[in-house]
There are 2 protein chains.
Amino acid sequence: MANVSKFSPVRPMTLSCKDCSLAELCLPRGLNPSEFEQFMSMVRQRASRISGDILYRTGDTFRAIYAIKTGSIKTLVSSSDGEEQITGFFMPGELFGFDGLDYGHSCTAVALEPTLLCELPVASVDELAHQIPGLRREIFRMMSRKLSEKQSMLFLLGRRKADQRLATFLLSLSTRMQYRGLSGNEIRLSMSRHDVANYLGMASETVSRLLSRLSKEKVISVNGRTVVIENPVALRARVEPCITPNAVTLDAVSTG
Amino acid sequence: MANVSKFSPVRPMTLSCKDCSLAELCLPRGLNPSEFEQFMSMVRQRASRISGDILYRTGDTFRAIYAIKTGSIKTLVSSSDGEEQITGFFMPGELFGFDGLDYGHSCTAVALEPTLLCELPVASVDELAHQIPGLRREIFRMMSRKLSEKQSMLFLLGRRKADQRLATFLLSLSTRMQYRGLSGNEIRLSMSRHDVANYLGMASETVSRLLSRLSKEKVISVNGRTVVIENPVALRARVEPCITPNAVTLDAVSTG
DNA sequence: CGTTAATTTGATCATCTTCAACATGAGTGG
DNA sequence: CCACTCATGTTGAAGATGATCAAATTAACG
């Protein structure tokens with residue numbers, strides 16, 4: 001067995017929703033004060049102290065929806081011949097676990113570093129979805145968004161070359177950091193090159209090479225797991241090489 | 001513009017839920033008679049007479065959840081440089097449209113042939129999700145399942161070779177036909193080779209070649225868009241070539 | 001500091017794409 | 001009904017992308 005260590009409950013809670021800086025990005029956004037109070041009373045916390053801890057496995061009964069407070073998580077699906085595909089990385093403020101509502105979880109969730117999670121237990125999901133229409137809609141919206149994100153990933157894996165995939169990945173991480181108020185230019189990767197490669201459907205050697213190349217071309221600078229985006233425009237131009245260069249040129253002309 | 005034709009409302013309904021042979025696979029399964037009645041009263045129908053009709057486009061406001069009565073639908077996402085990725089094929093009894101609940105649809109839905117749809121309008125989704133807890137849970141479950149299916153597709157695109165992808169695709173179609181009571185051995189593809197290839201992240205020439213090869217090897221027989229699975233065991237063996245051959249061998253030995 | 005894991009880099013190889021030519025087939029108008 | 005046309009599908013050959021294998025380098029950690 002690779003890892004039998006598990007996430008443990010945290011009591012008392014490290015930080016309530018009321019004082020959480022991520023609350024605006026989280027499930028209870030848009031709730032009125034009394035609804036928010038009700039929501040808050042049902043949230044629990046759970047933490048892992050080390051990287052590699054498993055939160056749930058494929059087939060496990062659905063117990064809760066999770067939000068990341070600090071740290072990060074990867075989810076992966078695996079086949080009977082032992083191959084694995086990482087299907088998501090989750091950072092602070094992001095929600096996951098929605099795949100478990102049908103017949104238990106269809107993926108495994110693993111900590112990439114020491115991680116603190118908030119969870120809304122399944123019974124509470126059901127109860128609150130019934131009692132608070134705004135929250136029910138928010139859950140629908142969130143699941144819908146997850147579906148859309150997966151579709152974007154299908155596009156990325158199905159139609160894009162390796163260099164475009166990596167550029168898209170870096171920009172996605174950057175955007176998500178900006179979304180929670182950070183600059184997004186300096187990215188600390190919490191996952192290995194192997195994980196990045198797996199997520200993007202390529203070999204880890206390819207990730208290494210592409211990072212080196214982007215680095216040589218002054219688009220990014222790489223220092224271990226820290227990536228700095230030196231030239232965001234150039235990086236974005238990698239994503240859609242067929243049209244973006246023109247757009248950039250035109251832009252440069254019109255503003256020049 | 002490729003196609004401006006649209007799906008049109010069908011009134012009176014061709015067939016009510018009460019008499020629909022697919023009702024057991026559909027959203028209202030598990031509802032009690034009065035709930036079923038309430039559900040049924042809110043369902044509308046919509047039809048396209050030709051292939052290529054567009055039901056909704058990326059960015060369109062979410063108007064309804066759809067179920068296929070007859071015919072088939074593909075959904076696709078596209079990028080600003082005109083590339084497209086098909087993200088799903090839907091057959092009779094299957095539900096789709098759940099990607100639209102966040103900020104409108106994130107994909108485009110196109111008829112692959114003359115198609116009759118049932119739809120549950122957005123207002124009804126909200127109302128019924130509130131009034132019928134069983135239906136709310138069913139919608140949650142269905143969205144969760146969609147998420148799981150997308151994860152399986154990510155695995156397929158990220159970790160599998162072209163021949164494994166195609167074999168998986170054929171088996172998936174077969175399984176889905178069996179699910180609605182058909183034998184599943186004779187598959188009428190409603191989509192072009194190009195669409196199959198796009199869905200599986202490869203070139204249409206590759207699909208042609210792989211079908212020819214499987215045909216030459218007597219695993220399937222191909223006649224235009226009709227594919228007959230001649231040797232299901234062999235086809236399944238293609239999906240996980242690393243381990244399945246052994247399992248098959250052992251099986252043959254033990255039953256021999 | 002030694003030991004192991006992670007990463008980088010180089011060289012070769014397989015898979016699959018692309019380009020091109022040809023075949024098939026459905027639909028159309030003569 | 002048949003020739004024609006356009007869309008779709010098949011097959012071959014060449015080339016590109018990225019995987020795999022192997023070795024060297026760096027980083028992480030007790």
# chains A, B, ... in the order shown; residues from 1 in each chain; ligands from 1

$ closest_atom_pairs --of "chain B" --to "chain C" --cutoff "12 Å" --atoms "only C-alpha atoms (C1' of nucleotides)" --output "tab-separated table"
residue	atom	partner	partner_atom	distance
B:Arg160	CA	C:DT15	C1'	11.8
B:Lys161	CA	C:DT15	C1'	8.5
B:Ala162	CA	C:DC16	C1'	8.3
B:Asp163	CA	C:DT15	C1'	10.7
B:Gly201	CA	C:DC16	C1'	10.8
B:Met202	CA	C:DC16	C1'	7.9
B:Ala203	CA	C:DT17	C1'	6.9
B:Ser204	CA	C:DT17	C1'	10.0
B:Glu205	CA	C:DT17	C1'	8.9
B:Thr206	CA	C:DC16	C1'	7.5
B:Val207	CA	C:DC16	C1'	10.9
B:Arg209	CA	C:DC16	C1'	11.1
B:Leu210	CA	C:DC16	C1'	11.5
B:Asn223	CA	C:DT24	C1'	11.8
B:Gly224	CA	C:DT24	C1'	9.8

$ write_last_selection --atoms "C-alpha atoms" --output "CSV table (one decimal), in the first residue's frame"
chain,number,residue,atom,x,y,z
B,160,ARG,CA,-4.7,5.6,-24.0
B,161,LYS,CA,-3.4,4.9,-27.5
B,162,ALA,CA,-5.6,5.4,-30.5
B,163,ASP,CA,-6.6,1.8,-30.9
B,201,GLY,CA,-8.6,13.1,-30.2
B,202,MET,CA,-7.2,11.7,-33.4
B,203,ALA,CA,-7.3,12.1,-37.2
B,204,SER,CA,-10.2,10.7,-39.2
B,205,GLU,CA,-7.7,8.7,-41.3
B,206,THR,CA,-6.6,6.9,-38.1
B,207,VAL,CA,-10.2,5.9,-37.3
B,209,ARG,CA,-7.3,2.6,-40.5
B,210,LEU,CA,-8.1,1.2,-37.1
B,223,ASN,CA,-20.3,-1.7,-43.5
B,224,GLY,CA,-20.4,2.1,-43.9

$ closest_atom_pairs --of "stretch 2-90 of chain B" --to "stretch 143-150 of chain A" --cutoff "12 Å" --atoms "only C-alpha atoms" --output "CSV"
residue,atom,partner,partner_atom,distance
B:Thr58,CA,A:Ser148,CA,10.7
B:Gly59,CA,A:Ser148,CA,11.7
B:Phe62,CA,A:Ser144,CA,10.9
B:Ile65,CA,A:Ser144,CA,11.8
B:Thr75,CA,A:Ser148,CA,11.6
B:Leu76,CA,A:Ser148,CA,11.0
B:Val77,CA,A:Ser148,CA,9.3
B:Thr87,CA,A:Lys150,CA,9.3
B:Gly88,CA,A:Lys150,CA,11.7

$ atom_distance --atom1 "atom CA of B:Arg225" --atom2 "atom CA of B:Leu189"
5.1 Å

$ interface_residues --of "chain D" --to "chain A" --cutoff "10 Å" --atoms "only C-alpha atoms (C1' of nucleotides)" --output "list in words"
DT17, DG18, DA19, DT20, DT26 and DA27 of chain D

$ interface_residues --of "chain A" --to "chain B" --cutoff "7 Å" --atoms "only C-alpha atoms" --output "number ranges by chain"
A: 81, 85, 87, 98-102, 106, 130, 140-145, 147-148, 150-151, 154-155, 157-159, 200-201, 240, 242-243

$ select_by_dssp --residues "stretch 167-249 of chain A" --states "strand (DSSP E or B)" --output "list in words"
Glu186, Ile187, Arg188, Ile220, Ser221, Val222, Asn223, Thr226, Val227, Val228 and Ile229 of chain A

$ atom_distance --atom1 "atom CA of A:Met177" --atom2 "atom CA of A:Ile73"
15.2 Å

$ select_by_dssp --residues "stretch 21-192 of chain A" --states "helix (DSSP H, G or I)" --output "ChimeraX atom specification"
/A:23-25,33-42,98-100,122-131,133-159,162-179

$ decode --residues "stretch 59-97 of chain A" --atoms "N, CA and C atoms" --output "mmCIF file, in the first residue's frame"
data_model
loop_
_atom_site.group_PDB
_atom_site.id
_atom_site.type_symbol
_atom_site.label_atom_id
_atom_site.label_comp_id
_atom_site.auth_asym_id
_atom_site.auth_seq_id
_atom_site.Cartn_x
_atom_site.Cartn_y
_atom_site.Cartn_z
ATOM 1 N N GLY A 59 -14.618 4.715 -5.446
ATOM 2 C CA GLY A 59 -15.538 3.746 -4.875
ATOM 3 C C GLY A 59 -16.011 4.106 -3.482
ATOM 4 N N ASP A 60 -15.279 4.981 -2.802
ATOM 5 C CA ASP A 60 -15.696 5.386 -1.463
ATOM 6 C C ASP A 60 -17.055 6.064 -1.500
ATOM 7 N N THR A 61 -17.831 5.818 -0.468
ATOM 8 C CA THR A 61 -19.114 6.500 -0.334
ATOM 9 C C THR A 61 -18.908 8.008 -0.275
ATOM 10 N N PHE A 62 -19.807 8.710 -0.910
ATOM 11 C CA PHE A 62 -19.766 10.174 -0.871
ATOM 12 C C PHE A 62 -20.105 10.641 0.544
ATOM 13 N N ARG A 63 -19.182 11.381 1.144
ATOM 14 C CA ARG A 63 -19.417 11.855 2.513
ATOM 15 C C ARG A 63 -19.574 13.363 2.605
ATOM 16 N N ALA A 64 -18.931 14.095 1.674
ATOM 17 C CA ALA A 64 -18.954 15.556 1.791
ATOM 18 C C ALA A 64 -18.462 16.221 0.516
ATOM 19 N N ILE A 65 -18.802 17.499 0.408
ATOM 20 C CA ILE A 65 -18.179 18.379 -0.580
ATOM 21 C C ILE A 65 -17.058 19.105 0.148
ATOM 22 N N TYR A 66 -15.960 19.339 -0.544
ATOM 23 C CA TYR A 66 -14.807 19.949 0.104
ATOM 24 C C TYR A 66 -14.410 21.277 -0.516
ATOM 25 N N ALA A 67 -13.838 22.128 0.330
ATOM 26 C CA ALA A 67 -13.220 23.361 -0.161
ATOM 27 C C ALA A 67 -11.820 23.431 0.428
ATOM 28 N N ILE A 68 -10.897 23.909 -0.354
ATOM 29 C CA ILE A 68 -9.523 24.014 0.149
ATOM 30 C C ILE A 68 -9.337 25.321 0.884
ATOM 31 N N LYS A 69 -8.822 25.198 2.097
ATOM 32 C CA LYS A 69 -8.506 26.398 2.885
ATOM 33 C C LYS A 69 -7.036 26.763 2.645
ATOM 34 N N THR A 70 -6.158 25.834 2.919
ATOM 35 C CA THR A 70 -4.736 26.005 2.589
ATOM 36 C C THR A 70 -4.216 24.679 2.037
ATOM 37 N N GLY A 71 -3.192 24.774 1.208
ATOM 38 C CA GLY A 71 -2.619 23.563 0.630
ATOM 39 C C GLY A 71 -3.178 23.290 -0.749
ATOM 40 N N SER A 72 -3.096 22.036 -1.176
ATOM 41 C CA SER A 72 -3.639 21.689 -2.486
ATOM 42 C C SER A 72 -3.875 20.182 -2.597
ATOM 43 N N ILE A 73 -4.721 19.848 -3.546
ATOM 44 C CA ILE A 73 -5.209 18.477 -3.724
ATOM 45 C C ILE A 73 -5.142 18.117 -5.200
ATOM 46 N N LYS A 74 -4.848 16.861 -5.490
ATOM 47 C CA LYS A 74 -5.053 16.368 -6.849
ATOM 48 C C LYS A 74 -6.103 15.269 -6.809
ATOM 49 N N THR A 75 -6.873 15.157 -7.892
ATOM 50 C CA THR A 75 -7.793 14.040 -8.025
ATOM 51 C C THR A 75 -7.353 13.219 -9.225
ATOM 52 N N LEU A 76 -7.504 11.920 -9.136
ATOM 53 C CA LEU A 76 -7.083 11.064 -10.235
ATOM 54 C C LEU A 76 -7.998 9.868 -10.401
ATOM 55 N N VAL A 77 -8.134 9.433 -11.641
ATOM 56 C CA VAL A 77 -8.855 8.194 -11.923
ATOM 57 C C VAL A 77 -7.836 7.150 -12.352
ATOM 58 N N SER A 78 -8.134 5.904 -12.067
ATOM 59 C CA SER A 78 -7.179 4.865 -12.439
ATOM 60 C C SER A 78 -7.910 3.687 -13.060
ATOM 61 N N SER A 79 -7.167 2.919 -13.817
ATOM 62 C CA SER A 79 -7.752 1.762 -14.484
ATOM 63 C C SER A 79 -7.239 0.500 -13.814
ATOM 64 N N SER A 80 -7.841 -0.618 -14.179
ATOM 65 C CA SER A 80 -7.475 -1.869 -13.525
ATOM 66 C C SER A 80 -6.059 -2.295 -13.881
ATOM 67 N N ASP A 81 -5.488 -1.750 -14.946
ATOM 68 C CA ASP A 81 -4.107 -2.103 -15.255
ATOM 69 C C ASP A 81 -3.111 -1.132 -14.627
ATOM 70 N N GLY A 82 -3.609 -0.312 -13.678
ATOM 71 C CA GLY A 82 -2.690 0.474 -12.865
ATOM 72 C C GLY A 82 -2.337 1.838 -13.418
ATOM 73 N N GLU A 83 -2.819 2.168 -14.589
ATOM 74 C CA GLU A 83 -2.535 3.499 -15.113
ATOM 75 C C GLU A 83 -3.404 4.526 -14.404
ATOM 76 N N GLU A 84 -2.857 5.713 -14.259
ATOM 77 C CA GLU A 84 -3.592 6.776 -13.592
ATOM 78 C C GLU A 84 -3.638 8.026 -14.458
ATOM 79 N N GLN A 85 -4.728 8.740 -14.335
ATOM 80 C CA GLN A 85 -4.852 10.036 -14.994
ATOM 81 C C GLN A 85 -5.299 11.047 -13.963
ATOM 82 N N ILE A 86 -4.495 12.076 -13.765
ATOM 83 C CA ILE A 86 -4.887 13.156 -12.872
ATOM 84 C C ILE A 86 -5.956 13.981 -13.573
ATOM 85 N N THR A 87 -7.072 14.208 -12.874
ATOM 86 C CA THR A 87 -8.196 14.901 -13.506
ATOM 87 C C THR A 87 -8.394 16.305 -12.948
ATOM 88 N N GLY A 88 -7.649 16.649 -11.904
ATOM 89 C CA GLY A 88 -7.801 18.004 -11.389
ATOM 90 C C GLY A 88 -6.773 18.344 -10.322
ATOM 91 N N PHE A 89 -6.381 19.606 -10.292
ATOM 92 C CA PHE A 89 -5.608 20.163 -9.179
ATOM 93 C C PHE A 89 -6.469 21.234 -8.531
ATOM 94 N N PHE A 90 -6.485 21.264 -7.201
ATOM 95 C CA PHE A 90 -7.339 22.221 -6.513
ATOM 96 C C PHE A 90 -6.540 23.063 -5.533
ATOM 97 N N MET A 91 -6.772 24.351 -5.618
ATOM 98 C CA MET A 91 -6.019 25.307 -4.815
ATOM 99 C C MET A 91 -6.938 25.997 -3.813
ATOM 100 N N PRO A 92 -6.387 26.807 -2.904
ATOM 101 C CA PRO A 92 -7.232 27.455 -1.892
ATOM 102 C C PRO A 92 -8.406 28.204 -2.522
ATOM 103 N N GLY A 93 -9.567 28.030 -1.929
ATOM 104 C CA GLY A 93 -10.769 28.676 -2.418
ATOM 105 C C GLY A 93 -11.534 27.841 -3.424
ATOM 106 N N GLU A 94 -10.964 26.715 -3.822
ATOM 107 C CA GLU A 94 -11.632 25.905 -4.841
ATOM 108 C C GLU A 94 -12.355 24.710 -4.220
ATOM 109 N N LEU A 95 -13.447 24.321 -4.874
ATOM 110 C CA LEU A 95 -14.306 23.255 -4.376
ATOM 111 C C LEU A 95 -14.106 21.987 -5.184
ATOM 112 N N PHE A 96 -14.275 20.846 -4.535
ATOM 113 C CA PHE A 96 -14.197 19.586 -5.279
ATOM 114 C C PHE A 96 -14.942 18.494 -4.526
ATOM 115 N N GLY A 97 -15.097 17.350 -5.172
ATOM 116 C CA GLY A 97 -15.758 16.204 -4.557
ATOM 117 C C GLY A 97 -17.125 15.922 -5.151
#
